[in-house]
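*Asks:* Got a structure for you, questions after.
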Amino acid sequence: MSQAAKIIIDTDPGQDDAVAILLALASPELEVIGITAVAGNVPLALTEKNARKICELAGRPDIKVYSGAVRPLMRQLVTAEEVHGKTGLDGPDLPEPTMQLQKQYAVDYLVETLMAEPEGTITLCPLGPLTNIALALIKEPKIASRIKQIVLMGGGYFEQGNVTPSAEFNIYVDPHAADVVLKSGVPIVMMPLDVTHKALTTRARVEAIRAIGTPVGEATAALLDFFERYDEQKYGTDGGPLHDPCVIAWLLKPELFSGRDCNVTVETMSELTMGATVVDWWGTTGRPKNAKVMRDIDADGFFGLLTERLGRL
């Protein structure tokens, strides 16, 4: 077996973040060398706690979790308790974590690790607002050439927005950070709403996860039962979009996804369209392509992979 790919997960858990972390920790192809928490779905004090709860659920208290940015670069924090509940992980009753939070600031950890590890060996997996990643790039621009790639969940083009008519939540919360990341020159793979809205947690898919019959399977099903209720009511669908695990699934089985290289820019000036990701899908601007934007997913293959891997924990 080839050597596991080293990844750092940057996250604001969130039920779908939690499932993404579980998928990564269940996959021997990936080595999670650290998890950095950022404010987003809920405030930082909860996201750093939730990341540790999920590591302990997976039986991996050895994973190092770092606390990062408490707010966006230039705007006030917007959170999403209406979606994720007051804890961010409403659904199952997960115990308070006993593993310690690392003392080092997440942004310093990112810079130090990327400068120390061999160039092109670490993939960053941001699942929330891009504040930590942008701060690291601002603090030490040399890390841009050292990152293998950034595979992120964020944005929307054909689906437009889920928090405003034109903006997806992660980008909307910190559009200026997203602008920094998209202009960094780092190879980027982007999982926008266009693809995640095709990965629906149908009743049959959730029941297949529950049928694993383990604490992880039961907790994941409970997370999804709570999480999907908001989007089912909003979109009128059987189940809700499972956004963040698409990032990890692409690393494991990229053949489940299809998209194209595009130029992507972020609106940072207009309050009407703040955080909108302008995807030059048809190449009309001639601007250089800076992201591989996914649009389609084999949803059955995705949930098959997720269920199989969760069964390993």
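All residue names refer to the structure tokens as shown: chains lettered A, B, ... in order, residues numbered from 1 in each chain, ligands numbered from 1 in order.
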Name all residues at most 12 Å from Gly304 in chain A (count only C-alpha atoms; drop same-chain ones fewer than 3 positions away) and give them as a VMD selection string.

*Replies:* chain A and resid 23 199 201 204 to 206 208 to 209 249 253 256 298 to 301 307 to 311

*Asks:* For the strand (DSSP E) assignment from backbone DSSP, which residues of range 106-272 of chain A qualify? Please present them as a list in words.

*Replies:*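 So, restricting range 106-272 of chain A to strand (DSSP E), we get Ile122, Thr123, Leu124, Cys125, Pro126, Ile147, Lys148, Gln149, Ile150, Val151, Leu152, Met153, Ile188, Val189, Met190, Met191, Phe257, Ser258, Gly259, Arg260, Asp261, Cys262, Val264, Thr265 and Val266 of chain A.
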
*Asks:* In Å, with one decimal, what is the gap from CA of His176 in chain A to CA of Leu124 in chain A?

*Replies:*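 CA of Leu124 in chain A lies at a distance of 18.4 Å from CA of His176 in chain A.
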
*Asks:* Report, in Å to a single decimal, how far apart CA of Met74 in chain A and CA of Ala177 in chain A are.

*Replies:*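 Going from CA of Ala177 in chain A over to CA of Met74 in chain A, I get 8.8 Å.
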
*Asks:* Near Gly40 in chain A, within 8 Å and counting only C-alpha atoms, which residues show up once chain neighbours fewer than 2 positions away are dropped, as a PyMOL selection string?

*Replies:* chain A and resi 12+38+42-44+47+77-80+128-129+170+173

*Asks:* Can you pull out the residues contacting Ile188 in chain A? Cut-off 10 Å, using only C-alpha atoms, and skip same-chain residues under 2 positions away; I want them as a list in words.

*Replies:*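 After dropping sequence-adjacent residues, the list is Thr123, Leu124, Lys148, Gln149, Ile150, Val151, Leu152, Val181, Leu182, Ser184, Gly185, Val186, Met190, Met191, Asp261, Lys289, Asn290, Ala291, Lys292 and Val293 of chain A.
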
*Asks:* Show me, as an mmCIF file with N, CA, C and O atoms, in the first residue's frame, the residues that have an atom within 12 Å of Leu193 in chain A when counting only C-alpha atoms, minus same-chain residues fewer than 2 positions from it.

*Replies:*
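After the write, selection01.cif holds the following:
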```
data_model
loop_
_atom_site.group_PDB
_atom_site.id
_atom_site.type_symbol
_atom_site.label_atom_id
_atom_site.label_comp_id
_atom_site.auth_asym_id
_atom_site.auth_seq_id
_atom_site.Cartn_x
_atom_site.Cartn_y
_atom_site.Cartn_z
ATOM 1 N N LEU A 152 -11.489 22.333 -0.796
ATOM 2 C CA LEU A 152 -12.375 23.058 0.110
ATOM 3 C C LEU A 152 -13.836 22.855 -0.235
ATOM 4 O O LEU A 152 -14.198 22.570 -1.377
ATOM 5 N N MET A 153 -14.684 22.986 0.778
ATOM 6 C CA MET A 153 -16.120 23.070 0.554
ATOM 7 C C MET A 153 -16.513 24.530 0.657
ATOM 8 O O MET A 153 -16.285 25.182 1.677
ATOM 9 N N GLY A 154 -17.109 25.046 -0.410
ATOM 10 C CA GLY A 154 -17.547 26.430 -0.374
ATOM 11 C C GLY A 154 -18.003 26.905 -1.736
ATOM 12 O O GLY A 154 -17.609 26.358 -2.761
ATOM 13 N N GLY A 155 -18.822 27.928 -1.714
ATOM 14 C CA GLY A 155 -19.230 28.581 -2.940
ATOM 15 C C GLY A 155 -20.421 27.915 -3.614
ATOM 16 O O GLY A 155 -20.945 26.894 -3.177
ATOM 17 N N GLY A 156 -20.830 28.531 -4.676
ATOM 18 C CA GLY A 156 -21.913 28.042 -5.503
ATOM 19 C C GLY A 156 -21.982 28.902 -6.741
ATOM 20 O O GLY A 156 -21.595 30.076 -6.711
ATOM 21 N N TYR A 157 -22.423 28.331 -7.818
ATOM 22 C CA TYR A 157 -22.584 29.130 -9.032
ATOM 23 C C TYR A 157 -23.954 28.868 -9.651
ATOM 24 O O TYR A 157 -24.830 29.721 -9.644
ATOM 25 N N PHE A 158 -24.158 27.651 -10.142
ATOM 26 C CA PHE A 158 -25.462 27.319 -10.710
ATOM 27 C C PHE A 158 -26.531 27.255 -9.620
ATOM 28 O O PHE A 158 -27.680 27.613 -9.842
ATOM 29 N N GLU A 159 -26.145 26.815 -8.423
ATOM 30 C CA GLU A 159 -27.064 26.777 -7.284
ATOM 31 C C GLU A 159 -27.096 28.107 -6.530
ATOM 32 O O GLU A 159 -27.926 28.293 -5.640
ATOM 33 N N GLN A 160 -26.153 28.983 -6.830
ATOM 34 C CA GLN A 160 -26.018 30.283 -6.175
ATOM 35 C C GLN A 160 -25.800 30.142 -4.673
ATOM 36 O O GLN A 160 -24.792 29.590 -4.254
ATOM 37 N N GLY A 161 -26.715 30.624 -3.829
ATOM 38 C CA GLY A 161 -26.423 30.705 -2.411
ATOM 39 C C GLY A 161 -27.353 29.890 -1.540
ATOM 40 O O GLY A 161 -28.428 29.488 -1.968
ATOM 41 N N ASN A 162 -26.929 29.662 -0.282
ATOM 42 C CA ASN A 162 -27.810 29.015 0.691
ATOM 43 C C ASN A 162 -27.996 29.846 1.957
ATOM 44 O O ASN A 162 -28.808 29.490 2.809
ATOM 45 N N VAL A 163 -27.242 30.941 2.084
ATOM 46 C CA VAL A 163 -27.420 31.824 3.234
ATOM 47 C C VAL A 163 -27.922 33.197 2.791
ATOM 48 O O VAL A 163 -28.612 33.887 3.531
ATOM 49 N N SER A 166 -27.295 34.827 -3.187
ATOM 50 C CA SER A 166 -26.137 34.677 -4.063
ATOM 51 C C SER A 166 -24.909 34.087 -3.396
ATOM 52 O O SER A 166 -23.888 33.890 -4.064
ATOM 53 N N ALA A 167 -24.943 33.790 -2.101
ATOM 54 C CA ALA A 167 -23.723 33.373 -1.401
ATOM 55 C C ALA A 167 -23.940 32.107 -0.579
ATOM 56 O O ALA A 167 -24.953 31.961 0.115
ATOM 57 N N GLU A 168 -22.945 31.237 -0.653
ATOM 58 C CA GLU A 168 -22.879 30.038 0.188
ATOM 59 C C GLU A 168 -22.288 30.418 1.539
ATOM 60 O O GLU A 168 -21.442 31.305 1.627
ATOM 61 N N PHE A 169 -22.672 29.714 2.595
ATOM 62 C CA PHE A 169 -22.351 30.119 3.966
ATOM 63 C C PHE A 169 -20.857 30.301 4.213
ATOM 64 O O PHE A 169 -20.426 31.338 4.734
ATOM 65 N N ASN A 170 -20.036 29.300 3.894
ATOM 66 C CA ASN A 170 -18.610 29.371 4.241
ATOM 67 C C ASN A 170 -17.937 30.588 3.620
ATOM 68 O O ASN A 170 -17.100 31.239 4.255
ATOM 69 N N ILE A 171 -18.271 30.888 2.384
ATOM 70 C CA ILE A 171 -17.655 32.034 1.701
ATOM 71 C C ILE A 171 -18.249 33.336 2.218
ATOM 72 O O ILE A 171 -17.529 34.327 2.416
ATOM 73 N N MET A 190 -12.551 22.772 -5.554
ATOM 74 C CA MET A 190 -13.664 23.445 -4.888
ATOM 75 C C MET A 190 -14.923 22.586 -4.987
ATOM 76 O O MET A 190 -15.307 22.148 -6.064
ATOM 77 N N MET A 191 -15.523 22.332 -3.822
ATOM 78 C CA MET A 191 -16.791 21.601 -3.750
ATOM 79 C C MET A 191 -17.905 22.599 -3.448
ATOM 80 O O MET A 191 -18.196 22.881 -2.276
ATOM 81 N N VAL A 195 -22.408 20.759 -6.426
ATOM 82 C CA VAL A 195 -22.184 19.318 -6.287
ATOM 83 C C VAL A 195 -22.759 18.796 -4.977
ATOM 84 O O VAL A 195 -23.368 17.722 -4.945
ATOM 85 N N THR A 196 -22.624 19.553 -3.887
ATOM 86 C CA THR A 196 -23.077 19.025 -2.594
ATOM 87 C C THR A 196 -24.592 18.906 -2.521
ATOM 88 O O THR A 196 -25.112 18.044 -1.802
ATOM 89 N N HIS A 197 -25.318 19.724 -3.272
ATOM 90 C CA HIS A 197 -26.775 19.629 -3.281
ATOM 91 C C HIS A 197 -27.261 18.371 -4.006
ATOM 92 O O HIS A 197 -28.464 18.081 -3.998
ATOM 93 N N LYS A 198 -26.338 17.641 -4.621
ATOM 94 C CA LYS A 198 -26.689 16.360 -5.262
ATOM 95 C C LYS A 198 -26.336 15.176 -4.370
ATOM 96 O O LYS A 198 -26.567 14.022 -4.759
ATOM 97 N N ALA A 199 -25.777 15.438 -3.191
ATOM 98 C CA ALA A 199 -25.417 14.385 -2.230
ATOM 99 C C ALA A 199 -26.417 14.434 -1.081
ATOM 100 O O ALA A 199 -26.139 14.951 -0.002
ATOM 101 N N LEU A 200 -27.603 13.900 -1.292
ATOM 102 C CA LEU A 200 -28.703 14.043 -0.338
ATOM 103 C C LEU A 200 -28.774 12.867 0.629
ATOM 104 O O LEU A 200 -28.697 11.700 0.230
ATOM 105 N N GLY A 240 -31.173 16.101 3.235
ATOM 106 C CA GLY A 240 -30.504 17.373 2.979
ATOM 107 C C GLY A 240 -29.136 17.143 2.377
ATOM 108 O O GLY A 240 -28.605 16.028 2.387
ATOM 109 N N PRO A 241 -28.515 18.188 1.839
ATOM 110 C CA PRO A 241 -27.184 18.052 1.242
ATOM 111 C C PRO A 241 -26.130 17.739 2.301
ATOM 112 O O PRO A 241 -26.108 18.360 3.367
ATOM 113 N N LEU A 242 -25.268 16.787 2.006
ATOM 114 C CA LEU A 242 -24.159 16.447 2.904
ATOM 115 C C LEU A 242 -22.893 17.075 2.324
ATOM 116 O O LEU A 242 -22.174 16.457 1.537
ATOM 117 N N HIS A 243 -22.616 18.310 2.727
ATOM 118 C CA HIS A 243 -21.614 19.132 2.060
ATOM 119 C C HIS A 243 -20.169 18.672 2.295
ATOM 120 O O HIS A 243 -19.451 18.288 1.369
ATOM 121 N N ASP A 244 -19.720 18.754 3.540
ATOM 122 C CA ASP A 244 -18.289 18.682 3.835
ATOM 123 C C ASP A 244 -17.627 17.330 3.551
ATOM 124 O O ASP A 244 -16.453 17.300 3.160
ATOM 125 N N CYS A 246 -17.805 15.637 1.081
ATOM 126 C CA CYS A 246 -17.403 15.595 -0.336
ATOM 127 C C CYS A 246 -15.912 15.897 -0.479
ATOM 128 O O CYS A 246 -15.248 15.359 -1.366
ATOM 129 N N ALA A 276 -20.500 36.120 -2.964
ATOM 130 C CA ALA A 276 -20.825 35.338 -4.163
ATOM 131 C C ALA A 276 -19.538 34.864 -4.834
ATOM 132 O O ALA A 276 -18.573 35.620 -4.941
ATOM 133 N N THR A 277 -19.522 33.618 -5.260
ATOM 134 C CA THR A 277 -18.381 33.096 -6.025
ATOM 135 C C THR A 277 -18.733 33.176 -7.498
ATOM 136 O O THR A 277 -19.692 32.542 -7.951
ATOM 137 N N VAL A 293 -13.416 23.215 -10.253
ATOM 138 C CA VAL A 293 -14.743 23.368 -9.674
ATOM 139 C C VAL A 293 -15.584 22.137 -9.993
ATOM 140 O O VAL A 293 -15.807 21.816 -11.158
ATOM 141 N N MET A 294 -16.042 21.444 -8.951
ATOM 142 C CA MET A 294 -16.847 20.251 -9.145
ATOM 143 C C MET A 294 -18.321 20.621 -9.351
ATOM 144 O O MET A 294 -18.823 21.564 -8.747
ATOM 145 N N ARG A 295 -18.975 19.821 -10.195
ATOM 146 C CA ARG A 295 -20.386 20.082 -10.453
ATOM 147 C C ARG A 295 -21.270 18.849 -10.286
ATOM 148 O O ARG A 295 -22.449 18.962 -9.972
ATOM 149 N N ASP A 296 -20.710 17.666 -10.506
ATOM 150 C CA ASP A 296 -21.523 16.445 -10.456
ATOM 151 C C ASP A 296 -20.876 15.401 -9.566
ATOM 152 O O ASP A 296 -19.653 15.381 -9.384
ATOM 153 N N ILE A 297 -21.723 14.516 -9.023
ATOM 154 C CA ILE A 297 -21.281 13.486 -8.095
ATOM 155 C C ILE A 297 -22.073 12.214 -8.342
ATOM 156 O O ILE A 297 -23.266 12.270 -8.661
#
```

*Asks:* Record the distance separating CA of Leu30 in chain A and CA of Ile7 in chain A, expressed in Å with one decimal.

*Replies:*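 Pair CA of Leu30 in chain A / CA of Ile7 in chain A returns 6.8 Å.
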
*Asks:* Please provide the set of residues having any atom within 9 Å of Pro92 in chain A, restricted to only C-alpha atoms, with same-chain residues fewer than 4 positions apart removed, written as JSON, numbers by chain.

*Replies:* {"A": [218, 219, 220, 221, 222, 223, 226]}

*Asks:* May I have all residues of range 211-313 of chain A that DSSP, computed from the backbone, assigns to helix (DSSP H, G or I), given as an NGL selection string?

*Replies:* :A and (215-235 or 245-252 or 254-256 or 299-310)

*Asks:* Nearest to Gly259 in chain A among A:Pro192, A:Pro165, A:Pro97, A:Pro61, with distances taken over only C-alpha atoms: which residue is it?

*Replies:*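 The answer is A:Pro192, which sits nearest to Gly259 in chain A.
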
*Asks:* Hey, what's within 12 Å of Glu140 in chain A if we count only C-alpha atoms and toss same-chain stuff fewer than 5 positions away? As a PyMOL selection string, please?

*Replies:* chain A and resi 107-115+133-135+145-146+184

*Asks:* Would you write out those residues with N, CA and C atoms, as an mmCIF file, in the first residue's frame?

*Replies:*
```
data_model
loop_
_atom_site.group_PDB
_atom_site.id
_atom_site.type_symbol
_atom_site.label_atom_id
_atom_site.label_comp_id
_atom_site.auth_asym_id
_atom_site.auth_seq_id
_atom_site.Cartn_x
_atom_site.Cartn_y
_atom_site.Cartn_z
ATOM 1 N N VAL A 107 -3.140 29.101 13.456
ATOM 2 C CA VAL A 107 -2.473 29.752 12.324
ATOM 3 C C VAL A 107 -0.962 29.532 12.403
ATOM 4 N N ASP A 108 -0.403 29.635 13.605
ATOM 5 C CA ASP A 108 1.026 29.374 13.788
ATOM 6 C C ASP A 108 1.355 27.912 13.498
ATOM 7 N N TYR A 109 0.457 27.020 13.919
ATOM 8 C CA TYR A 109 0.656 25.588 13.630
ATOM 9 C C TYR A 109 0.693 25.350 12.116
ATOM 10 N N LEU A 110 -0.221 25.966 11.388
ATOM 11 C CA LEU A 110 -0.248 25.787 9.930
ATOM 12 C C LEU A 110 1.056 26.257 9.301
ATOM 13 N N VAL A 111 1.492 27.444 9.668
ATOM 14 C CA VAL A 111 2.725 27.992 9.091
ATOM 15 C C VAL A 111 3.919 27.115 9.451
ATOM 16 N N GLU A 112 4.054 26.790 10.715
ATOM 17 C CA GLU A 112 5.200 26.012 11.181
ATOM 18 C C GLU A 112 5.246 24.638 10.505
ATOM 19 N N THR A 113 4.109 23.993 10.410
ATOM 20 C CA THR A 113 4.061 22.650 9.840
ATOM 21 C C THR A 113 4.364 22.673 8.346
ATOM 22 N N LEU A 114 3.768 23.611 7.644
ATOM 23 C CA LEU A 114 3.983 23.689 6.195
ATOM 24 C C LEU A 114 5.423 24.063 5.858
ATOM 25 N N MET A 115 6.059 24.851 6.701
ATOM 26 C CA MET A 115 7.452 25.205 6.456
ATOM 27 C C MET A 115 8.402 24.061 6.822
ATOM 28 N N ILE A 133 -6.829 29.738 7.052
ATOM 29 C CA ILE A 133 -5.959 29.513 5.891
ATOM 30 C C ILE A 133 -5.449 30.849 5.362
ATOM 31 N N ALA A 134 -6.342 31.835 5.277
ATOM 32 C CA ALA A 134 -5.931 33.151 4.788
ATOM 33 C C ALA A 134 -4.925 33.798 5.732
ATOM 34 N N LEU A 135 -5.163 33.707 7.029
ATOM 35 C CA LEU A 135 -4.226 34.297 7.998
ATOM 36 C C LEU A 135 -2.848 33.652 7.883
ATOM 37 N N SER A 145 3.681 28.008 -1.866
ATOM 38 C CA SER A 145 4.378 27.097 -2.775
ATOM 39 C C SER A 145 4.637 25.737 -2.139
ATOM 40 N N ARG A 146 4.381 25.610 -0.856
ATOM 41 C CA ARG A 146 4.658 24.365 -0.152
ATOM 42 C C ARG A 146 3.425 23.477 0.004
ATOM 43 N N SER A 184 -4.101 32.945 -4.092
ATOM 44 C CA SER A 184 -2.819 32.519 -3.533
ATOM 45 C C SER A 184 -1.920 31.785 -4.523
#
```
